[in-house]
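Written out below as structure tokens is the structure these notes cover.
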Amino acid sequence: MLESKVVTRFAPSPTGFLHLGAYRTAIFSYLYARKNNGIFVLRIEDTDKERSKKEYEENIIESLKWLGLDYDQFYRQSENVERHKFYLEKMIKEGSAYISKEEAKDGSGIIKEIIRFKNPNIDVSFKDEIKGEVTMNTKDLGDFVLAKNLNEPLFHLAVVVDDFEEGITHVIRGEDHVSNTPRQILIQKAIGAPTPMYAHLPLVLGADKLKLSKRRGALAITEYRKLGFLPEAILNGVAFVGWNPGTEQEIFTHDELIKTFELSKVQKSPAVFSEEKLEWFNKEHIKKLSQNEIEKNILEWLPENMRDMKIVPIISERISKWSDVKKMINTGELNFFFETPVLVKEKLIFKNTPIEKISQNLNSAINVLQNINDKDFNKENIKNLLMPIAETLPSRGELLHPVRYALSGLDKSPDPFIIAEILGKNETLSRLQKAV
RNA sequence: GGCCCUAUCGUCUAACGGUUAGGACAUCGCCUUUUCAAGGCGGUAAUCAGAGUUCGAUUCUCUGUAGGGUCACCA
């Protein structure tokens with residue numbers, strides 16, 4: 001029973017901030033492990049001492065945590081050098097690897113001893129969960145290098161030894177590793193390790209149809225957090241790049257994804273990642289939040305002097321991520337609530353209605369609104385009084401437009417009833433009076 | 001170039017060999033209490049090309065074409 005347990009791993013190298021494409025492989029590995037009651041391992045592949053940085057490792061850990069991808073085991077490849085050395089020595093002893101004296105690649109002319117694999121030059125085939133049967137000849141690979149020396153293993157050796165020692169049963173990784181697989185299988189055979197199941201994920205492309213890369217604007221996952229995306233929305237949206245459950249449901253929670261995820265439904269072809277659709281996913285996930293949580297978040301994103309519960313409703317239906325709150329502030333859409341707008345007389349005019357008629361309509365509005373008590377000054381009551389007047393006019397706009405403009409000073413704004421409610425009776429009447 | 005992989009609306013995708021080729025995002029139009037947003041309804045839009053197998057091909061086979069991956073003392 002224990003033998004059949006699924007163990008997957010996410011094995012990034014901490015040489016930069018990881019973008020969504022990398023996290024998608026983490027998500028799939030995680031989902032697959034959880035779905036099968038297995039174990040999810042995080043292994044930091046930091047054997048490249050020059051390029052690996054602690055900062056990046058921390059960013060990876062932080063990002064996984066934020067996404068809700070909890071791992072059961074953690075390894076740092078650089079801490080496994082002893083076992084890498086053990087297998088290296090074993091291979092040399094058994095003849096599947098040898099020490100080769102060669103001139104250093106840096107052009108210094110120094111002769112070094114490196115460790116090469118004795119390539120048997122055979123056809124290697126493996127079954128890939130996504131791509132199917134793949135066969136490759138390994139003779140082009142030559143006697144590839146396993147390690148710089150006994151204490152400095154290279155990628156292929158380290159991966160194979162660690163996957164074996166950590167009991168990895170399913171290697172889920174990017175398609176760029178397909179051509180690495182045969183030589184890793186060769187090493188497995190040499191050290192007597194079983195071959196795990198492989199699933200090579202198709203690449204994630206940017207809008208330019210090229211591989212997603214930081215150089216072309218791909219963001220680190222922590223940047224999405226800064227932009228005010230919900231982790232569950234990112235999880236959902238990224239999982240849907242190159243995978244779908246085959247039903248028409250698109251919005252999934254963390255737990256629903258675990259239940260639904262299947263490797264067999266992963267796409268074979270690369271997928272273009274759409275920022276627009278990610279925003280849509282986020283908006284849908286915001287809708288699932290309780291009213292309280294939405295209020296709390298919006299309030300947090302508002303500057304202190306603007307933290308007023310009353311404007312939350314008009315903000316919440318106009319944003320798809322929290323940072324859009326800032327955008328609304330910057331475009332001045334919310335200013336009317338905090339300061340009396342400066343009006344341009346002509347803008348009160350609806351179509352060709354004479355200005356006298358507009359003033360007259362505004363006055364009727366003032367008259368009826370005066371009759372509402374302060375505490376009943378809400379959008380329903382306001383609407384109930386204003387609409388009957390508007391209905392008597394050739395066009396409702398002759399009343400509604402000037403009222404809305406007088407209150408907001410904007411060409412585009414929420415409807416006049418809600419604005420009046422937010423402003424309160426006094427401010428509403430005062431603004432209407434000024435417009436007459 | 002060698003090896004490997006892939007190919008359905010602009011994008012993500014669905015379709016036991018038989019469907020008016022379905023859905024979502026985006027886009028366009030209409031409606032909904034002037035405008036904006038939200039919401040509702042509807043529209044435009046796709047099987048890379050050519051052969052073959054078959055009564056019938058988006059689906060199977062081959063070829064072509066186009067993309068992509070990989071060929072390190074990086075991972």
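In the structure tokens, each chain is lettered A, B, ... as it comes, each chain's residues begin at 1, and ligands are numbered from 1 in order of appearance.
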Inset, instruction - Going by DSSP on the backbone, which bits of range 163-368 of chain A are alpha helix (DSSP H)? Write them as a VMD selection string, please. - result: chain A and resid 163 to 165 181 to 191 221 to 226 231 to 239 254 to 260 275 to 288 291 to 301 312 to 316 324 to 330 335 to 338 355 to 368
Include C-alpha atoms and write out the residues we just selected as a short mmCIF file (atom, residue, chain, number, x, y, z; two decimals), in the first residue's frame.
data_model
loop_
_atom_site.label_atom_id
_atom_site.label_comp_id
_atom_site.auth_asym_id
_atom_site.auth_seq_id
_atom_site.Cartn_x
_atom_site.Cartn_y
_atom_site.Cartn_z
CA ASP A 163 14.03 11.74 -7.29
CA PHE A 164 15.06 8.21 -6.42
CA GLU A 165 16.01 8.93 -2.81
CA THR A 181 14.37 12.38 -20.05
CA PRO A 182 16.26 9.68 -22.00
CA ARG A 183 19.58 10.50 -20.41
CA GLN A 184 17.98 10.58 -16.99
CA ILE A 185 16.51 7.16 -17.62
CA LEU A 186 19.96 5.97 -18.59
CA ILE A 187 21.31 7.16 -15.26
CA GLN A 188 18.41 5.51 -13.43
CA LYS A 189 19.28 2.21 -15.04
CA ALA A 190 22.91 2.64 -14.12
CA ILE A 191 22.20 3.22 -10.44
CA ILE A 221 3.51 35.58 -8.91
CA THR A 222 4.12 37.96 -6.04
CA GLU A 223 3.43 40.79 -8.46
CA TYR A 224 -0.10 39.50 -8.86
CA ARG A 225 -0.50 39.64 -5.13
CA LYS A 226 0.63 43.25 -5.19
CA PRO A 231 -4.75 33.63 -4.71
CA GLU A 232 -7.62 31.29 -5.41
CA ALA A 233 -8.38 33.11 -8.64
CA ILE A 234 -4.78 32.80 -9.76
CA LEU A 235 -4.85 29.13 -8.87
CA ASN A 236 -8.04 28.67 -10.85
CA GLY A 237 -6.95 30.79 -13.80
CA VAL A 238 -3.49 29.30 -14.11
CA ALA A 239 -4.79 25.75 -13.75
CA HIS A 254 -8.91 25.12 -4.34
CA ASP A 255 -10.70 22.03 -3.07
CA GLU A 256 -12.82 21.65 -6.18
CA LEU A 257 -9.71 21.76 -8.33
CA ILE A 258 -8.22 18.91 -6.32
CA LYS A 259 -11.35 16.85 -6.81
CA THR A 260 -11.60 17.57 -10.51
CA GLU A 275 -4.26 38.32 -18.77
CA GLU A 276 -7.82 39.36 -19.66
CA LYS A 277 -9.26 36.02 -18.76
CA LEU A 278 -7.28 35.98 -15.54
CA GLU A 279 -8.99 39.26 -14.63
CA TRP A 280 -12.32 37.65 -15.34
CA PHE A 281 -11.44 34.71 -13.12
CA ASN A 282 -10.54 37.15 -10.40
CA LYS A 283 -13.79 39.07 -10.74
CA GLU A 284 -15.74 35.86 -10.46
CA HIS A 285 -13.84 34.88 -7.34
CA ILE A 286 -14.46 38.29 -5.80
CA LYS A 287 -18.16 37.68 -6.34
CA LYS A 288 -17.89 34.55 -4.25
CA GLN A 291 -20.03 41.24 1.49
CA ASN A 292 -17.91 41.76 4.58
CA GLU A 293 -14.73 40.55 2.98
CA ILE A 294 -15.30 42.69 -0.08
CA GLU A 295 -15.85 45.76 2.10
CA LYS A 296 -12.80 45.05 4.15
CA ASN A 297 -10.55 44.70 1.12
CA ILE A 298 -11.85 47.76 -0.69
CA LEU A 299 -11.51 49.84 2.43
CA GLU A 300 -7.92 48.69 2.82
CA TRP A 301 -7.08 49.78 -0.69
CA VAL A 312 -18.02 50.55 -1.38
CA PRO A 313 -21.00 49.39 -3.47
CA ILE A 314 -20.21 51.63 -6.41
CA ILE A 315 -16.60 50.51 -6.33
CA SER A 316 -17.23 46.81 -5.93
CA ASP A 324 -8.51 48.83 -9.63
CA VAL A 325 -9.66 50.80 -6.59
CA LYS A 326 -6.52 52.88 -6.98
CA LYS A 327 -7.20 53.26 -10.66
CA MET A 328 -10.65 54.65 -9.92
CA ILE A 329 -9.17 57.13 -7.50
CA ASN A 330 -6.55 58.23 -9.98
CA ASN A 335 -13.87 62.68 -6.36
CA PHE A 336 -17.47 63.85 -6.40
CA PHE A 337 -17.97 62.08 -3.11
CA PHE A 338 -15.29 64.06 -1.33
CA ILE A 355 -31.67 75.52 -19.98
CA GLU A 356 -34.72 77.14 -18.40
CA LYS A 357 -36.55 73.86 -18.59
CA ILE A 358 -33.57 72.08 -17.02
CA SER A 359 -33.53 74.53 -14.12
CA GLN A 360 -37.22 74.05 -13.68
CA ASN A 361 -36.75 70.28 -13.53
CA LEU A 362 -33.97 70.62 -11.01
CA ASN A 363 -36.23 72.76 -8.87
CA SER A 364 -38.97 70.15 -8.92
CA ALA A 365 -36.41 67.62 -7.82
CA ILE A 366 -35.32 69.84 -4.97
CA ASN A 367 -38.91 70.31 -3.91
CA VAL A 368 -39.73 66.65 -3.63
#
Counting only C-alpha atoms (C1' of nucleotides), what is within 12 Å of A66 in chain B, bar same-chain residues fewer than 4 positions away, as a PDB file with C-alpha atoms (C1' of nucleotides), in the first residue's frame?
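So selection.pdb came out as:
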ATOM      1  C1'   U B   6       2.258  20.254 -31.521  1.00  0.00           C
ATOM      2  C1'   A B   7      -1.849  22.189 -34.998  1.00  0.00           C
ATOM      3  C1'   C B  48      -3.419  24.640 -41.461  1.00  0.00           C
ATOM      4  C1'   A B  49      -3.039  22.340 -46.705  1.00  0.00           C
TER       5        A B  49
END
Inset, instruction - Give as a PyMOL selection string every residue of chain B that touches chain A within 6 Å, counting only C-alpha atoms (C1' of nucleotides). - result: chain B and resi 6+25+34-38+69-70+73
With N, CA and C atoms (P, O5', C5', C4', C3', O3' and C1' of nucleotides) retained, could you export that selection as a short mmCIF file (atom, residue, chain, number, x, y, z; two decimals), in the first residue's frame?
data_model
loop_
_atom_site.label_atom_id
_atom_site.label_comp_id
_atom_site.auth_asym_id
_atom_site.auth_seq_id
_atom_site.Cartn_x
_atom_site.Cartn_y
_atom_site.Cartn_z
P U B 6 2.51 15.12 -30.15
"O5'" U B 6 2.09 16.63 -30.46
"C5'" U B 6 1.50 17.42 -29.44
"C4'" U B 6 1.30 18.83 -29.93
"C3'" U B 6 0.31 19.00 -31.08
"O3'" U B 6 -1.01 19.05 -30.57
"C1'" U B 6 2.26 20.25 -31.52
P C B 25 -17.76 34.85 -20.56
"O5'" C B 25 -16.26 35.26 -20.90
"C5'" C B 25 -15.28 35.34 -19.87
"C4'" C B 25 -13.96 35.77 -20.47
"C3'" C B 25 -14.00 37.05 -21.30
"O3'" C B 25 -13.92 38.19 -20.47
"C1'" C B 25 -12.80 35.39 -22.47
P U B 34 -31.86 55.58 -17.30
"O5'" U B 34 -31.61 55.71 -18.83
"C5'" U B 34 -32.30 56.66 -19.61
"C4'" U B 34 -31.37 57.75 -20.11
"C3'" U B 34 -29.89 57.36 -20.11
"O3'" U B 34 -29.53 56.56 -21.22
"C1'" U B 34 -30.14 59.50 -19.20
P U B 35 -28.58 55.37 -21.06
"O5'" U B 35 -27.20 56.10 -20.74
"C5'" U B 35 -26.54 56.90 -21.72
"C4'" U B 35 -25.27 57.45 -21.13
"C3'" U B 35 -24.32 56.39 -20.58
"O3'" U B 35 -23.53 55.81 -21.59
"C1'" U B 35 -24.53 58.15 -19.02
P C B 36 -23.29 54.24 -21.57
"O5'" C B 36 -22.29 54.06 -20.34
"C5'" C B 36 -21.00 54.68 -20.36
"C4'" C B 36 -20.30 54.43 -19.04
"C3'" C B 36 -20.32 52.99 -18.54
"O3'" C B 36 -19.39 52.18 -19.22
"C1'" C B 36 -20.75 54.46 -16.75
P A B 37 -19.72 50.64 -19.47
"O5'" A B 37 -19.72 50.08 -17.97
"C5'" A B 37 -18.52 50.02 -17.22
"C4'" A B 37 -18.83 49.55 -15.81
"C3'" A B 37 -19.54 48.21 -15.71
"O3'" A B 37 -18.63 47.14 -15.80
"C1'" A B 37 -20.61 49.76 -14.31
P A B 38 -19.10 45.75 -16.46
"O5'" A B 38 -20.20 45.24 -15.41
"C5'" A B 38 -19.82 44.81 -14.11
"C4'" A B 38 -21.06 44.48 -13.31
"C3'" A B 38 -22.00 43.48 -13.96
"O3'" A B 38 -21.59 42.15 -13.73
"C1'" A B 38 -23.24 45.33 -13.23
P G B 69 11.05 27.60 -28.21
"O5'" G B 69 11.28 26.14 -27.61
"C5'" G B 69 10.64 25.76 -26.41
"C4'" G B 69 10.92 24.31 -26.14
"C3'" G B 69 12.39 23.95 -26.09
"O3'" G B 69 12.92 24.22 -24.81
"C1'" G B 69 11.26 22.40 -27.46
P U B 70 14.40 24.78 -24.71
"O5'" U B 70 15.26 23.48 -25.03
"C5'" U B 70 15.12 22.31 -24.23
"C4'" U B 70 15.87 21.19 -24.88
"C3'" U B 70 17.29 21.55 -25.27
"O3'" U B 70 18.14 21.39 -24.15
"C1'" U B 70 16.22 20.49 -27.08
P C B 73 29.35 20.48 -21.42
"O5'" C B 73 29.67 20.81 -19.90
"C5'" C B 73 29.17 19.99 -18.89
"C4'" C B 73 29.55 20.64 -17.58
"C3'" C B 73 29.44 22.17 -17.68
"O3'" C B 73 28.65 22.62 -16.63
"C1'" C B 73 31.69 21.46 -17.14
#
Inset, instruction - Could you give me the residues within range 102-263 of chain A that DSSP places in strand (DSSP E or B), as a ChimeraX atom specification? - result: /A:102-103,111-117,123-128,132-137,145-149,152-153,170-174,197-201,204-205,211,220,243
Excluding G43 in chain B and residues on its chain fewer than 3 positions from it, collect all residues at most 12 Å away from it, counting only C-alpha atoms (C1' of nucleotides), and give them as a PDB file with C-alpha atoms (C1' of nucleotides), in the first residue's frame.
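The result, written out as out29.pdb:
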ATOM      1  C1'   U B  27     -15.426  42.006 -29.538  1.00  0.00           C
ATOM      2  C1'   C B  28     -20.133  43.993 -31.726  1.00  0.00           C
ATOM      3  C1'   G B  29     -25.571  44.999 -31.227  1.00  0.00           C
ATOM      4  C1'   C B  30     -30.089  45.346 -28.388  1.00  0.00           C
TER       5        C B  30
END
Mind checking which residues fall within 10 Å of Asp162 in chain A, counting only C-alpha atoms (C1' of nucleotides), ignoring those fewer than 4 positions away in the same chain, and posting them as a PDB file with C-alpha atoms, in the first residue's frame?
ATOM      1  CA  ARG A  43      12.943  20.654  -3.863  1.00  0.00           C
ATOM      2  CA  TYR A  75      14.714  19.554   0.254  1.00  0.00           C
ATOM      3  CA  ARG A  76      17.560  21.699  -0.854  1.00  0.00           C
ATOM      4  CA  GLN A  77      19.592  19.940  -3.482  1.00  0.00           C
ATOM      5  CA  ASN A  80      22.303  16.291  -0.759  1.00  0.00           C
ATOM      6  CA  VAL A  81      25.835  16.343  -2.083  1.00  0.00           C
ATOM      7  CA  ARG A  83      24.396  11.038  -1.612  1.00  0.00           C
ATOM      8  CA  HIS A  84      25.196  12.406  -5.048  1.00  0.00           C
ATOM      9  CA  HIS A 156      20.980  15.201 -14.536  1.00  0.00           C
ATOM     10  CA  LEU A 157      22.783  13.229 -11.879  1.00  0.00           C
ATOM     11  CA  ALA A 158      21.360  15.298  -9.050  1.00  0.00           C
ATOM     12  CA  GLU A 166      12.935  11.031  -2.218  1.00  0.00           C
ATOM     13  CA  GLY A 167      10.706   8.337  -3.651  1.00  0.00           C
ATOM     14  CA  ILE A 168       9.248  10.453  -6.418  1.00  0.00           C
TER      15      ILE A 168
END
Legend entry - All residues 8 Å or closer to range 53-60 of chain B, only C-alpha atoms (C1' of nucleotides), same chain fewer than 6 positions away omitted, as a PyMOL selection string: chain B and resi 8+17-18+21+47
